[in-house]
>>> print(open('model09.txt').read())   # compact mmCIF, C-alpha atoms
# COMPACT_ATOMS: atom_id res chain seq x y z
CA MET A 1 0.00 0.00 0.00
CA PHE A 2 2.75 2.39 -0.97
CA GLY A 3 1.50 5.68 -2.33
CA PRO A 4 2.21 9.42 -2.46
CA ARG A 5 3.77 9.65 1.02
CA HIS A 6 6.23 6.89 0.18
CA GLU A 7 7.13 8.51 -3.15
CA HIS A 8 7.49 11.89 -1.47
CA ARG A 9 9.94 10.49 1.09
CA LEU A 10 11.97 8.75 -1.63
CA SER A 11 12.28 12.08 -3.45
CA ILE A 12 13.67 13.68 -0.28
CA ILE A 13 16.37 11.00 -0.06
CA LEU A 14 17.16 11.16 -3.78
CA THR A 15 17.65 14.93 -3.62
CA GLU A 16 20.50 14.30 -1.15
CA THR A 17 22.09 11.38 -3.03
CA LYS A 18 22.66 13.70 -6.00
CA ARG A 19 25.74 14.81 -4.04
CA LEU A 20 27.39 11.50 -4.89
CA THR A 21 29.47 11.15 -8.05
CA ARG A 22 28.33 8.89 -10.89
CA GLY A 23 29.43 5.32 -10.35
CA ALA A 24 29.57 5.68 -6.57
CA ARG A 25 28.92 2.43 -4.70
CA VAL A 26 25.88 2.82 -2.43
CA LEU A 27 24.37 0.44 0.10
CA ASP A 28 20.59 0.63 0.50
CA ALA A 29 19.81 -0.67 3.99
CA ALA A 30 17.16 -2.06 4.15
CA VAL A 31 16.21 -2.49 0.50
CA GLY A 32 12.54 -3.48 0.99
CA LEU A 33 10.81 -3.81 -2.38
CA GLY A 34 13.70 -2.08 -4.14
CA GLN A 35 12.10 1.19 -5.22
CA LEU A 36 14.86 3.37 -3.78
CA ALA A 37 17.65 1.11 -5.07
CA GLN A 38 16.21 1.32 -8.59
CA ARG A 39 16.06 5.13 -8.42
CA LEU A 40 19.67 5.22 -7.19
CA GLU A 41 20.64 3.18 -10.23
CA GLN A 42 18.78 5.66 -12.46
CA GLN A 43 20.92 8.42 -10.89
CA GLY A 44 23.99 6.67 -12.25
CA LEU A 45 25.01 5.15 -8.92
CA ARG A 46 25.86 1.51 -8.20
CA PRO A 47 23.40 0.31 -5.54
CA LEU A 48 23.67 -2.86 -3.52
CA GLY A 49 20.85 -3.81 -1.19
CA ILE A 50 20.66 -5.62 2.12
CA ASP A 51 17.58 -6.79 3.99
CA SER A 52 16.80 -9.13 6.85
CA ALA A 53 13.68 -10.42 5.04
CA PHE A 54 14.35 -13.32 2.69
CA GLU A 55 11.22 -12.47 0.66
CA ALA A 56 12.47 -8.92 0.06
CA VAL A 57 15.85 -10.19 -1.14
CA LEU A 58 14.21 -12.61 -3.59
CA HIS A 59 11.76 -9.97 -4.83
CA VAL A 60 14.42 -7.38 -5.64
CA ARG A 61 16.72 -9.91 -7.27
CA ARG A 62 13.91 -11.18 -9.48
CA THR A 63 12.27 -7.87 -10.40
CA ALA A 64 15.04 -5.26 -10.37
CA GLY A 65 18.23 -7.10 -11.20
CA ILE A 66 20.02 -5.23 -8.41
CA PRO A 67 22.43 -7.23 -6.23
CA VAL A 68 20.96 -7.84 -2.78
CA VAL A 69 22.20 -9.84 0.19
CA LEU A 70 20.42 -11.24 3.22
CA GLY A 71 21.86 -9.77 6.38
CA ASP A 72 21.66 -7.89 9.65
CA LEU A 73 22.23 -4.13 9.72
CA THR A 74 23.98 -4.45 13.06
CA LYS A 75 26.49 -6.94 11.57
CA LEU A 76 26.98 -5.83 7.99
CA PRO A 77 28.79 -8.46 5.88
CA PHE A 78 31.05 -5.95 4.14
CA ARG A 79 34.63 -4.81 4.45
CA THR A 80 35.49 -1.61 6.30
CA ALA A 81 35.47 1.52 4.08
CA SER A 82 33.89 -0.29 1.11
CA PHE A 83 31.03 2.09 0.23
CA ASP A 84 30.83 5.69 -0.98
CA GLY A 85 27.34 6.11 0.40
CA VAL A 86 24.59 4.50 2.46
CA THR A 87 20.85 5.10 2.37
CA THR A 88 18.59 3.86 5.15
CA GLY A 89 14.95 4.85 4.90
CA GLU A 90 12.44 4.14 7.70
CA THR A 91 14.56 1.28 9.07
CA LEU A 92 16.37 2.31 12.26
CA GLU A 93 13.11 2.67 14.18
CA HIS A 94 12.49 -1.08 13.72
CA LEU A 95 15.78 -2.15 15.29
CA ASP A 96 16.43 -2.97 18.93
CA ASN A 97 20.09 -1.98 18.44
CA ASP A 98 19.90 1.16 16.31
CA ALA A 99 23.23 2.38 17.71
CA GLY A 100 24.88 -0.80 16.50
CA ALA A 101 23.47 -0.25 13.02
CA ALA A 102 24.76 3.34 12.97
CA ARG A 103 28.22 2.14 13.99
CA GLU A 104 28.22 -0.44 11.21
CA ILE A 105 27.19 2.21 8.68
CA GLY A 106 30.08 4.35 9.87
CA ARG A 107 32.46 1.40 9.58
CA ILE A 108 31.64 0.47 5.98
CA LEU A 109 31.68 4.06 4.71
CA LYS A 110 34.83 5.42 3.13
CA ASP A 111 36.30 8.62 4.55
CA ASP A 112 33.97 11.49 3.54
CA GLY A 113 31.33 8.92 2.55
CA LEU A 114 27.71 10.06 2.64
CA CYS A 115 24.88 8.63 4.75
CA VAL A 116 21.26 9.65 4.11
CA ALA A 117 18.71 8.42 6.67
CA THR A 118 15.01 9.01 7.29
CA VAL A 119 13.07 8.00 10.40
CA PRO A 120 9.68 8.81 11.96
CA ALA A 121 10.01 11.85 14.19
CA LEU A 122 8.94 12.81 17.69
CA GLN A 123 7.67 10.37 20.29
CA SER A 124 4.78 12.75 20.97
CA LEU A 125 3.37 11.79 17.55
CA TRP A 126 3.21 8.08 18.41
CA SER A 127 -0.04 6.54 17.19
CA ALA A 128 -1.66 3.23 16.30
CA SER A 129 0.20 3.46 12.98
CA ASP A 130 3.50 3.02 14.85
CA ASP A 131 2.07 -0.07 16.54
CA TYR A 132 0.94 -1.43 13.19
CA TYR A 133 4.36 -0.81 11.60
CA GLU A 134 6.04 -2.43 14.64
CA HIS A 135 8.17 0.62 15.41
CA ARG A 136 10.40 0.58 18.47
CA ARG A 137 10.64 4.35 18.74
CA ARG A 138 10.32 7.75 17.06
CA TYR A 139 13.28 10.17 17.11
CA SER A 140 14.01 13.75 18.01
CA ARG A 141 16.55 15.61 15.89
CA ASP A 142 19.09 15.58 18.72
CA GLN A 143 18.66 11.83 19.31
CA LEU A 144 19.22 10.94 15.65
CA ALA A 145 22.18 13.29 15.28
CA ALA A 146 23.81 11.88 18.42
CA LEU A 147 23.38 8.34 17.09
CA PHE A 148 25.47 9.08 14.00
CA ARG A 149 27.87 11.46 15.69
CA ASP A 150 28.76 8.68 18.13
CA ALA A 151 29.38 6.45 15.10
CA GLY A 152 32.14 8.76 13.84
CA MET A 153 30.18 10.95 11.46
CA SER A 154 29.79 14.67 10.98
CA ILE A 155 26.18 15.86 10.72
CA GLU A 156 25.48 18.04 7.69
CA THR A 157 21.68 18.12 7.92
CA ALA A 158 19.15 17.01 10.52
CA ARG A 159 15.73 18.44 9.81
CA TYR A 160 12.08 17.65 10.27
CA TRP A 161 9.78 17.36 7.27
CA GLY A 162 6.07 16.88 6.63
CA PHE A 163 4.39 19.73 8.52
CA PRO A 164 1.53 20.51 8.20
CA VAL A 165 0.22 18.68 5.10
CA VAL A 166 1.90 15.25 5.41
CA LEU A 167 1.04 15.22 9.12
CA ALA A 168 -2.61 15.88 8.29
CA TYR A 169 -2.47 13.08 5.69
CA ASP A 170 -1.02 10.72 8.31
CA ILE A 171 -3.75 11.52 10.84
CA LEU A 172 -6.78 11.80 8.57
CA PHE A 173 -5.99 9.07 6.05
CA LEU A 174 -3.15 6.70 7.02
CA LEU A 175 -4.11 6.27 10.67
CA PRO A 176 -7.70 5.08 9.93
CA MET A 177 -6.37 2.82 7.15
CA ASN A 178 -3.77 1.27 9.43
CA LYS A 179 -6.32 0.68 12.16
CA ARG A 180 -8.51 -1.06 9.59
CA ARG A 181 -5.57 -3.10 8.24
CA ALA A 182 -4.72 -4.21 11.77
CA ARG A 183 -8.21 -5.71 12.11
CA ARG A 184 -8.86 -7.04 8.62
CA ASN A 185 -7.13 -8.91 5.81
CA VAL A 186 -6.56 -6.70 2.76
CA GLN A 187 -7.51 -9.53 0.39
CA GLY A 188 -10.93 -9.79 2.01
CA ASP A 189 -11.65 -6.07 2.38
CA ALA A 190 -13.01 -4.26 -0.67
CA ALA A 191 -12.36 -0.80 0.80
CA LEU A 192 -8.71 -1.58 1.50
CA GLN A 193 -8.30 -3.08 -1.96
CA SER A 194 -9.72 0.08 -3.57
CA VAL A 195 -7.28 2.21 -1.56
CA ALA A 196 -4.42 -0.03 -2.67
CA ARG A 197 -5.46 0.37 -6.32
CA ALA A 198 -5.67 4.15 -5.91
CA GLY A 199 -2.21 4.14 -4.35
CA ARG A 200 -0.80 2.74 -7.60
CA SER A 201 -2.24 5.57 -9.70
CA GLN A 202 0.63 7.74 -10.93
CA VAL A 203 -1.74 10.62 -11.66
CA LEU A 204 -3.12 10.57 -8.12
CA ILE A 205 0.38 10.26 -6.66
CA ARG A 206 1.57 13.33 -8.60
CA ILE A 207 -1.44 15.37 -7.48
CA VAL A 208 -1.05 14.51 -3.80
CA ARG A 209 2.72 15.04 -3.90
CA ALA A 210 2.11 18.50 -5.39
CA ILE A 211 -0.05 19.24 -2.36
CA PHE A 212 2.68 17.89 -0.06
CA ALA A 213 5.03 20.50 -1.56
CA ILE A 214 3.16 23.14 0.47
CA ASP A 215 5.14 21.86 3.48
CA ARG A 216 8.26 23.58 2.11
CA LEU A 217 6.75 26.90 3.14
CA PHE A 218 6.85 25.72 6.75
CA SER A 219 10.27 24.03 6.71
CA PHE A 220 11.64 26.65 9.14
CA ILE A 221 9.43 25.16 11.88
CA PRO A 222 11.32 22.46 13.87
CA PHE A 223 8.43 20.01 13.82
CA GLY A 224 7.04 17.28 11.61
CA PRO A 225 6.25 13.57 11.36
CA GLY A 226 9.49 12.76 9.52
CA LEU A 227 13.16 13.40 10.10
CA LEU A 228 15.95 13.54 7.50
CA LEU A 229 19.61 13.19 8.42
CA VAL A 230 22.61 13.65 6.13
CA ALA A 231 26.01 12.79 7.59
CA ARG A 232 29.62 12.38 6.40
CA LYS A 233 32.16 9.84 7.60
CA LEU A 234 34.92 11.77 9.34
CA HIS A 235 38.43 11.47 7.90
CA VAL A 236 40.75 10.14 10.58
CA GLU A 237 44.47 10.85 10.15
>>> encode(input="model09.txt", output="C-alpha cells")
Amino acid sequence: MFGPRHEHRLSIILTETKRLTRGARVLDAAVGLGQLAQRLEQQGLRPLGIDSAFEAVLHVRRTAGIPVVLGDLTKLPFRTASFDGVTTGETLEHLDNDAGAAREIGRILKDDGLCVATVPALQSLWSASDDYYEHRRRYSRDQLAALFRDAGMSIETARYWGFPVVLAYDILFLLPMNKRRARRNVQGDAALQSVARAGRSQVLIRIVRAIFAIDRLFSFIPFGPGLLLVARKLHVE
C-alpha cells in the first residue's frame, strides 16, 4: 500500500544522493521492495541492497536485477570503508540496536562517505500506525544526530519534514487505514483493496505530492512527522 507519502519520502532522499558522483557504490539498507535502489541506479550510482527479510531479497533480485544480500544491519557483511554512500529509509526505528546499526554504517563508509537516513520523528506523535508498523521508537533531531555522531560521522543536515500537510495526511488518512488493516485482511476487504489500487495511480500520486510541496513553506518550523539526516564519515588521520 505504498502511495504518495512513500514517493514523497523517496524524493527527499534522492535529492540528497545527488551529491554522490556517478558510479559511486551505495548500500541501501534495508532495501525493501527495491524502489529506492532502482532510483539510485537511475541516478547513475551503483546500488547494492541488504535486507533481513528473505522475501524482500528474492523480490528485488527477481524484479530489479540489483544485487541484494540477506543480512543484519547491526552486523553488515562488508569490508570496512567499502562504500561511498549508504541510504537507510524508515529502518532504524524497527531495530532494537539502532546504535549498532549506525556504527556499522560508519564502519563500511569510506572517509567522507555520505549517509542519508530518514526516520519517523517525535515520540509525541506516536499513534496506532507506529504499533501497526512495529516501530520501536520515534526520534528527536538531537537523538538521531547523536546516534550518527557517536558512530564517527559529521552531521550536515538534521531536519524535520512533513508539517503541516503530510502530518494531516497521516492523521486523517493513514491512521484510519492502518487501524482497519490491523483488524482485517486486505484480500478480504473491498475498501482496502480500492485504496491499494488508488495508491498505484501515478496521476493521483503526482497530485497529492504536489499538495505535499506546500510543506516547504513551513520548513523553518522544527516540527514534523518525519526526520531527515545527512552525515559524512569523518576522515581520521
>>> atom_distance(input="model09.txt", atom1="CA of Leu73 in chain A", atom2="CA of Val116 in chain A")
14.9 Å
>>> residues_around(input="model09.txt", residues="range 8-23 of chain A", least_positions_apart="6", cutoff="6 Å", atoms="all atoms listed in the file", output="PDB file with C-alpha atoms, in the coordinates of the input")
ATOM      1  CA  GLY A  44      23.990   6.670 -12.250  1.00  0.00           C
ATOM      2  CA  LEU A  45      25.010   5.150  -8.920  1.00  0.00           C
ATOM      3  CA  ARG A  46      25.860   1.510  -8.200  1.00  0.00           C
TER       4      ARG A  46
END
>>> residues_near_point(input="model09.txt", point="(26.5, 7.6, 16.4)", cutoff="9 Å", atoms="all atoms listed in the file", output="ChimeraX atom specification")
/A:99-100,102-103,106,144-153
>>> closest_residue(input="model09.txt", among="A:Leu92, A:Leu76, A:Ile214, A:Ile108", to="Glu134 in chain A", atoms="only C-alpha atoms")
A:Leu92
>>> atom_distance(input="model09.txt", atom1="CA of Ala210 in chain A", atom2="CA of Gly224 in chain A")
17.7 Å
>>> residues_around(input="model09.txt", residues="Pro4 in chain A", least_positions_apart="2", cutoff="9 Å", atoms="all atoms listed in the file", output="list in words")
Phe2, His6, Glu7, His8, Arg9, Gly199, Arg200, Gln202, Leu204, Ile205, Arg206, Ile207, Val208, Arg209 and Phe212 of chain A
>>> closest_residue(input="model09.txt", among="A:Gly226, A:Gly3, A:Gly113, A:Gly71", to="Ala101 in chain A", atoms="only C-alpha atoms")
A:Gly71
